[in-house]
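What follows is a single structure, written as structure tokens, with notes after it.
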Amino acid sequence: MKFNDYTYERPEYELFKKDFLHLVETLKTAESLDEVKEAIDAVSDLTSSLDSMATLASIRYSIDTTDEFYTEEDNYWNEYSPYYQELTTIYYKAVLDSPFIEELKEDYPRTFFQNMAFELQAFDPSVIDLLQKENQLSSDYQKLIASAAIEFDGKTLTLSQFGPYLQDTDRQVRKEASEAQLSFFQENEEKIDHLYDELVNVRDTIAKKLGFKDFVELGYIRMKRFDYDREKVEVYRKQVLDYVVPVTQKLAKRQAKRIGIEDMKHYDASLQFLDGNPTPQGDPDYIIENGRKMYHELSDDTAEFIDFLFDRDLVDLLSKEGKASGGYCTYIPEYQSPFIFANFNGTSGDIDVLTHEAGHAFQVYQSRWIKQPEIVFPTYETCEIHSMSMEFFTYPWMELFFKEQTEKYKFDHLSGAIRFLPYGVLVDHFQHEVYENPSWTPEERKASWKKLESQYLPERDYSESDFLAKGTYWFRQGHIFASPFYYIDYTLAQICALQFWKRAIVDKDEQAWIDYMAICKAGGTKSFLETVETAGLRLPFEEGSLENVVKTIDEALEAVDDTAL
């Protein structure tokens, strides 16, 4: 069955509620462990059906945000998802209050119950109207970004389609492309400021209504951070400043030398090589064809997975008018189908999507055995280990896509993994500052970004852009608006993925893939710390963990004559 044949039907809330609460009552009155387990499994089946409809609506809306039918469905889910969440919390409370709870903990993964406890802390019926508002504001931002239609080079471009121009070898083209792209954010500055103002306010109100000190506390609960808190994140941040930023400064100087520009400006940042960045040597069909070949050769498991994905059209890769920005992987439980959404633009990022989002999809494909929909995917920082590590496990096949530019790509990709870390931590640090100071004005938020940016990214020069110089770069970072605190996860996972890179690519350790398969199959049945342990990796929070892996990568990059690439 193809994706277009997957049936979407808006659920009838009252009917769903009746069936759901009947099962909860069955669970509450059960007289044996087996009866309780039957009720739990029945609720999981019902929830999977609901999740499938919500996911199908979300995918089809993001593919075309101008589609009237799915715009209405998006509005429905924004309004009703808090009501469904309320039902879920009634069920979770019934499970945790069950007289059979200790026996249940022996039969189901620990994370299943941790997830329940955190969900109960993050919800109360009194905040339903606020959750609805938060959902709608997030959709409003997504729709605004997707509406960008910017005239440039005789074409009308979306924000995603500027990628190749921002990497053009002609400096004037880069500058003009940057200015054109920024014009959209400048024209909508007041609107974006207002949207974020409202989002911060509504999230702060929700947090305080639920009894939290601030939204940072609630944000960590929502993100299911079972194993660590903001203090551990502060320790990690300091390691990034101490060990990573000096390396990224060195890489910035090498970049300036490579492209022959001493006074690097913000619009030069995307160009890594004087003769152009590595680009895929073929069109999207070529990329898909070679992607299939790559995954067939990587392993029998990845071969089966990629055929499942491509044969059922479970990918939407091309950038087009009205399509939401960015890329993601999601899962449709009723069809046991991962789905990959992307915006190909002819840059090396297209291959990164093919490996990164496929890493997510491969994990969830391997985790289909898990009956509880809450833990098929793990928590976000764990999810990103699967995706970022897949980027490195596929290194031996990069020649399929880049041909004579392969070594250039590998240098760019590996150095990019390091260059990303300070930015990823900056996005997180900024959100801590914002939600610890919810009464800040838009100007104060921008000042905070500007100050933090100078610490994490001191090489950035905005002297030719008054708009960016005042601290507005974050306007384009959709996670800040739609998924608060979902960003440091990428950096924590990157540290883990880089350890896999060392084991698989440098040390040729065959056990690395075996360990990777183990954490893919485990899915959300393990917490972040447990996953890292299962994978045979070091925790990013451990003192010295960054120093060692960054030193190895720094040495590997130093050994490359990048001027010859």
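Here, A, B, ... name the chains of the structure tokens in the order displayed, residue numbers run from 1 inside each chain, and ligands are numbered from 1 in the same displayed order.
In the backbone-derived DSSP annotation, strand (DSSP E) within stretch 233-417 of chain A comprises Val315, Asp316, Leu317, Leu318, Tyr328, Cys329, Thr330, Tyr331, Ile332, Ser337, Pro338, Phe339, Ile340, Phe341, Ala342, Asn343 and Phe344 of chain A.
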Please produce an output containing N, CA and C atoms for each residue in the selection, written as an mmCIF file, in the first residue's frame.
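As written to disk, part_0.cif reads:
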data_model
loop_
_atom_site.group_PDB
_atom_site.id
_atom_site.type_symbol
_atom_site.label_atom_id
_atom_site.label_comp_id
_atom_site.auth_asym_id
_atom_site.auth_seq_id
_atom_site.Cartn_x
_atom_site.Cartn_y
_atom_site.Cartn_z
ATOM 1 N N VAL A 315 8.260 8.897 1.669
ATOM 2 C CA VAL A 315 9.192 10.030 1.685
ATOM 3 C C VAL A 315 8.571 11.170 0.885
ATOM 4 N N ASP A 316 8.804 12.407 1.328
ATOM 5 C CA ASP A 316 8.443 13.589 0.540
ATOM 6 C C ASP A 316 9.635 14.522 0.642
ATOM 7 N N LEU A 317 10.419 14.599 -0.427
ATOM 8 C CA LEU A 317 11.761 15.177 -0.332
ATOM 9 C C LEU A 317 11.950 16.533 -0.997
ATOM 10 N N LEU A 318 11.131 16.870 -1.983
ATOM 11 C CA LEU A 318 11.392 18.080 -2.768
ATOM 12 C C LEU A 318 10.759 19.320 -2.161
ATOM 13 N N TYR A 328 11.925 16.203 8.889
ATOM 14 C CA TYR A 328 11.611 15.415 10.078
ATOM 15 C C TYR A 328 11.339 13.970 9.687
ATOM 16 N N CYS A 329 11.323 13.115 10.695
ATOM 17 C CA CYS A 329 10.848 11.742 10.539
ATOM 18 C C CYS A 329 9.755 11.528 11.571
ATOM 19 N N THR A 330 8.697 10.873 11.162
ATOM 20 C CA THR A 330 7.636 10.549 12.104
ATOM 21 C C THR A 330 7.216 9.105 11.871
ATOM 22 N N TYR A 331 6.196 8.652 12.601
ATOM 23 C CA TYR A 331 5.804 7.238 12.558
ATOM 24 C C TYR A 331 4.292 7.119 12.589
ATOM 25 N N ILE A 332 3.759 6.262 11.706
ATOM 26 C CA ILE A 332 2.313 6.033 11.621
ATOM 27 C C ILE A 332 2.052 4.617 12.153
ATOM 28 N N SER A 337 4.619 2.339 9.817
ATOM 29 C CA SER A 337 5.363 3.029 8.766
ATOM 30 C C SER A 337 6.073 4.283 9.274
ATOM 31 N N PRO A 338 7.403 4.323 9.118
ATOM 32 C CA PRO A 338 8.095 5.593 9.295
ATOM 33 C C PRO A 338 7.766 6.490 8.099
ATOM 34 N N PHE A 339 7.928 7.788 8.251
ATOM 35 C CA PHE A 339 7.753 8.720 7.134
ATOM 36 C C PHE A 339 8.825 9.798 7.223
ATOM 37 N N ILE A 340 9.466 10.096 6.081
ATOM 38 C CA ILE A 340 10.514 11.116 6.040
ATOM 39 C C ILE A 340 10.044 12.311 5.213
ATOM 40 N N PHE A 341 10.165 13.487 5.813
ATOM 41 C CA PHE A 341 9.791 14.763 5.188
ATOM 42 C C PHE A 341 11.049 15.603 5.062
ATOM 43 N N ALA A 342 11.277 16.203 3.893
ATOM 44 C CA ALA A 342 12.486 17.005 3.701
ATOM 45 C C ALA A 342 12.252 18.080 2.641
ATOM 46 N N ASN A 343 13.235 18.948 2.477
ATOM 47 C CA ASN A 343 13.203 19.986 1.445
ATOM 48 C C ASN A 343 14.534 19.978 0.692
ATOM 49 N N PHE A 344 14.676 19.071 -0.270
ATOM 50 C CA PHE A 344 15.906 19.014 -1.061
ATOM 51 C C PHE A 344 16.135 20.357 -1.769
#
(request) List the neighbours of A:Glu436 out to 10 Å using only C-alpha atoms; skip same-chain residues closer than 5 positions along the sequence, and give me the result as a VMD selection string. (result) chain A and resid 204 213 to 217 430 to 431
Can you spit out the residues from that selection as a JSON list (two decimals), in the first residue's frame, using N, CA and C atoms?
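Printed below is result_10.json as written:
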[["chain", "number", "residue", "atom", "x", "y", "z"],
["A", 204, "ASP", "N", 4.78, 30.23, 30.04],
["A", 204, "ASP", "CA", 5.07, 30.61, 31.42],
["A", 204, "ASP", "C", 3.82, 30.47, 32.29],
["A", 213, "LYS", "N", 8.24, 26.42, 39.01],
["A", 213, "LYS", "CA", 8.89, 27.72, 39.23],
["A", 213, "LYS", "C", 8.90, 28.54, 37.95],
["A", 214, "ASP", "N", 9.19, 27.88, 36.83],
["A", 214, "ASP", "CA", 9.23, 28.54, 35.54],
["A", 214, "ASP", "C", 9.04, 27.49, 34.44],
["A", 215, "PHE", "N", 9.00, 27.95, 33.20],
["A", 215, "PHE", "CA", 8.78, 27.00, 32.10],
["A", 215, "PHE", "C", 9.99, 26.12, 31.86],
["A", 216, "VAL", "N", 11.15, 26.52, 32.35],
["A", 216, "VAL", "CA", 12.33, 25.66, 32.18],
["A", 216, "VAL", "C", 12.07, 24.32, 32.86],
["A", 217, "GLU", "N", 11.55, 24.37, 34.08],
["A", 217, "GLU", "CA", 11.24, 23.13, 34.82],
["A", 217, "GLU", "C", 10.23, 22.28, 34.05],
["A", 430, "PHE", "N", 19.99, 30.16, 25.17],
["A", 430, "PHE", "CA", 19.09, 31.28, 24.91],
["A", 430, "PHE", "C", 17.70, 31.00, 25.47],
["A", 431, "GLN", "N", 17.19, 29.80, 25.26],
["A", 431, "GLN", "CA", 15.85, 29.48, 25.74],
["A", 431, "GLN", "C", 15.78, 29.44, 27.27]]
(request) Calculate how many Å separate atom CA of A:Tyr76 from atom CA of A:Phe184, rounding to one decimal. (result) 28.8 Å
Write out as a PDB file with N, CA and C atoms, in the first residue's frame each polymer residue whose atoms come within 12 Å of A:Val560, counting only C-alpha atoms; drop sequence neighbours fewer than 3 positions from it.
ATOM      1  N   ARG A 254      40.831  28.492   9.226  1.00  0.00           N
ATOM      2  CA  ARG A 254      41.179  27.641   8.075  1.00  0.00           C
ATOM      3  C   ARG A 254      40.210  27.904   6.916  1.00  0.00           C
ATOM      4  N   GLU A 407      36.044  13.271  -0.627  1.00  0.00           N
ATOM      5  CA  GLU A 407      36.906  13.655   0.505  1.00  0.00           C
ATOM      6  C   GLU A 407      36.576  15.061   0.976  1.00  0.00           C
ATOM      7  N   LYS A 408      36.219  15.900   0.040  1.00  0.00           N
ATOM      8  CA  LYS A 408      35.806  17.261   0.394  1.00  0.00           C
ATOM      9  C   LYS A 408      34.556  17.200   1.283  1.00  0.00           C
ATOM     10  N   LYS A 410      33.528  14.675   3.187  1.00  0.00           N
ATOM     11  CA  LYS A 410      33.814  14.099   4.505  1.00  0.00           C
ATOM     12  C   LYS A 410      34.477  15.117   5.426  1.00  0.00           C
ATOM     13  N   PHE A 411      35.401  15.903   4.872  1.00  0.00           N
ATOM     14  CA  PHE A 411      36.038  16.943   5.684  1.00  0.00           C
ATOM     15  C   PHE A 411      34.994  17.964   6.123  1.00  0.00           C
ATOM     16  N   ASP A 412      34.141  18.376   5.201  1.00  0.00           N
ATOM     17  CA  ASP A 412      33.118  19.376   5.499  1.00  0.00           C
ATOM     18  C   ASP A 412      32.120  18.843   6.524  1.00  0.00           C
ATOM     19  N   LEU A 414      32.500  16.289   8.753  1.00  0.00           N
ATOM     20  CA  LEU A 414      33.096  16.056  10.074  1.00  0.00           C
ATOM     21  C   LEU A 414      33.385  17.374  10.783  1.00  0.00           C
ATOM     22  N   SER A 415      33.933  18.332  10.048  1.00  0.00           N
ATOM     23  CA  SER A 415      34.195  19.634  10.670  1.00  0.00           C
ATOM     24  C   SER A 415      32.872  20.323  11.008  1.00  0.00           C
ATOM     25  N   ILE A 553      39.032  14.320  16.982  1.00  0.00           N
ATOM     26  CA  ILE A 553      38.530  14.898  15.729  1.00  0.00           C
ATOM     27  C   ILE A 553      39.412  16.049  15.265  1.00  0.00           C
ATOM     28  N   ASP A 554      39.856  16.857  16.212  1.00  0.00           N
ATOM     29  CA  ASP A 554      40.752  17.966  15.878  1.00  0.00           C
ATOM     30  C   ASP A 554      42.009  17.429  15.183  1.00  0.00           C
ATOM     31  N   GLU A 555      42.550  16.356  15.720  1.00  0.00           N
ATOM     32  CA  GLU A 555      43.763  15.754  15.124  1.00  0.00           C
ATOM     33  C   GLU A 555      43.473  15.190  13.729  1.00  0.00           C
ATOM     34  N   ALA A 556      42.284  14.558  13.580  1.00  0.00           N
ATOM     35  CA  ALA A 556      41.911  13.991  12.278  1.00  0.00           C
ATOM     36  C   ALA A 556      41.760  15.092  11.232  1.00  0.00           C
ATOM     37  N   LEU A 557      41.175  16.214  11.632  1.00  0.00           N
ATOM     38  CA  LEU A 557      40.979  17.329  10.702  1.00  0.00           C
ATOM     39  C   LEU A 557      42.301  18.027  10.390  1.00  0.00           C
ATOM     40  N   THR A 563      43.307  22.649   1.877  1.00  0.00           N
ATOM     41  CA  THR A 563      43.496  23.555   0.737  1.00  0.00           C
ATOM     42  C   THR A 563      43.584  22.784  -0.573  1.00  0.00           C
ATOM     43  N   ALA A 564      43.830  21.469  -0.481  1.00  0.00           N
ATOM     44  CA  ALA A 564      43.961  20.646  -1.693  1.00  0.00           C
ATOM     45  C   ALA A 564      42.633  19.994  -2.084  1.00  0.00           C
ATOM     46  N   LEU A 565      41.612  20.186  -1.255  1.00  0.00           N
ATOM     47  CA  LEU A 565      40.322  19.534  -1.529  1.00  0.00           C
ATOM     48  C   LEU A 565      39.517  20.308  -2.575  1.00  0.00           C
TER      49      LEU A 565
END
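Residues with any atom within 10 Å of A:Lys250, counting only C-alpha atoms and excluding same-chain neighbours fewer than 4 positions away, are Val245, Pro246, Arg254, Gln255, Glu459, Asp554 and Glu558 of chain A.
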(request) Would you mind writing down, as a VMD selection string, each residue of stretch 103-192 of chain A that DSSP on the backbone assigns to alpha helix (DSSP H)? (result) chain A and resid 103 to 107 110 to 121 128 to 146 163 to 166 171 to 187 189 to 192
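Near A:Glu38, within 10 Å and counting only C-alpha atoms, sit Leu23, Thr26, Leu27, Ala30, Leu33, Asp34, Ala42, Val43 and Ser44 of chain A, not including residues fewer than 4 positions from it in the same chain.
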Please produce a file of those selected residues containing C-alpha atoms, as a CSV table (one decimal), in the first residue's frame.
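The result, written out as selection_39.csv:
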chain,number,residue,atom,x,y,z
A,23,LEU,CA,-11.2,0.5,28.9
A,26,THR,CA,-12.1,-2.2,33.0
A,27,LEU,CA,-8.5,-1.6,34.1
A,30,ALA,CA,-9.7,-5.8,37.0
A,33,LEU,CA,-2.9,-9.1,36.5
A,34,ASP,CA,-3.8,-10.6,33.2
A,42,ALA,CA,-6.3,-2.5,24.4
A,43,VAL,CA,-5.7,1.1,25.3
A,44,SER,CA,-2.4,1.0,23.4
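Ranking A:Asp74, A:Pro333, A:Leu539, A:Gln239 by their shortest atom-to-atom distance to A:Leu46, with only C-alpha atoms included, puts A:Pro333 first.
In this model, the gap between atom CA of A:Val200 and atom CA of A:Phe162 comes to 29.4 Å.
In this comparison, which uses only C-alpha atoms, the residue of A:Asn548, A:Ser126, A:Thr55, A:Ser147 approaching A:Asn188 most closely is A:Ser147.
Within 12 Å of A:Asp283, once only C-alpha atoms are used and residues closer than 2 positions along the same chain are dropped, the contacting residues are Thr279, Pro280, Gln281, Asp285, Tyr286, Ile287, Ile288, Glu289, Asn290, Leu317, Leu318, Phe344, Asn345, Gly346, Thr347, Ser348, Asp350, Ile351, Phe401 and Phe402 of chain A.
The residue set within 7 Å of stretch 370-375 of chain A, counting only C-alpha atoms and dropping same-chain residues fewer than 4 places from it, reads Ser44, Ser48, Phe112, Gly523, Gly524 and Thr525 of chain A.
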Let's have the selection written as a PDB file, in the first residue's frame, with C-alpha atoms.
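Done, and the output landed in result.pdb:
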ATOM      1  CA  SER A  44      -2.383   0.973  23.425  1.00  0.00           C
ATOM      2  CA  SER A  48      -2.118   3.886  18.163  1.00  0.00           C
ATOM      3  CA  PHE A 112       6.711   3.243  30.138  1.00  0.00           C
ATOM      4  CA  GLY A 523      13.765   2.227  20.978  1.00  0.00           C
ATOM      5  CA  GLY A 524      12.174   4.010  23.908  1.00  0.00           C
ATOM      6  CA  THR A 525      12.466   1.075  26.316  1.00  0.00           C
TER       7      THR A 525
END
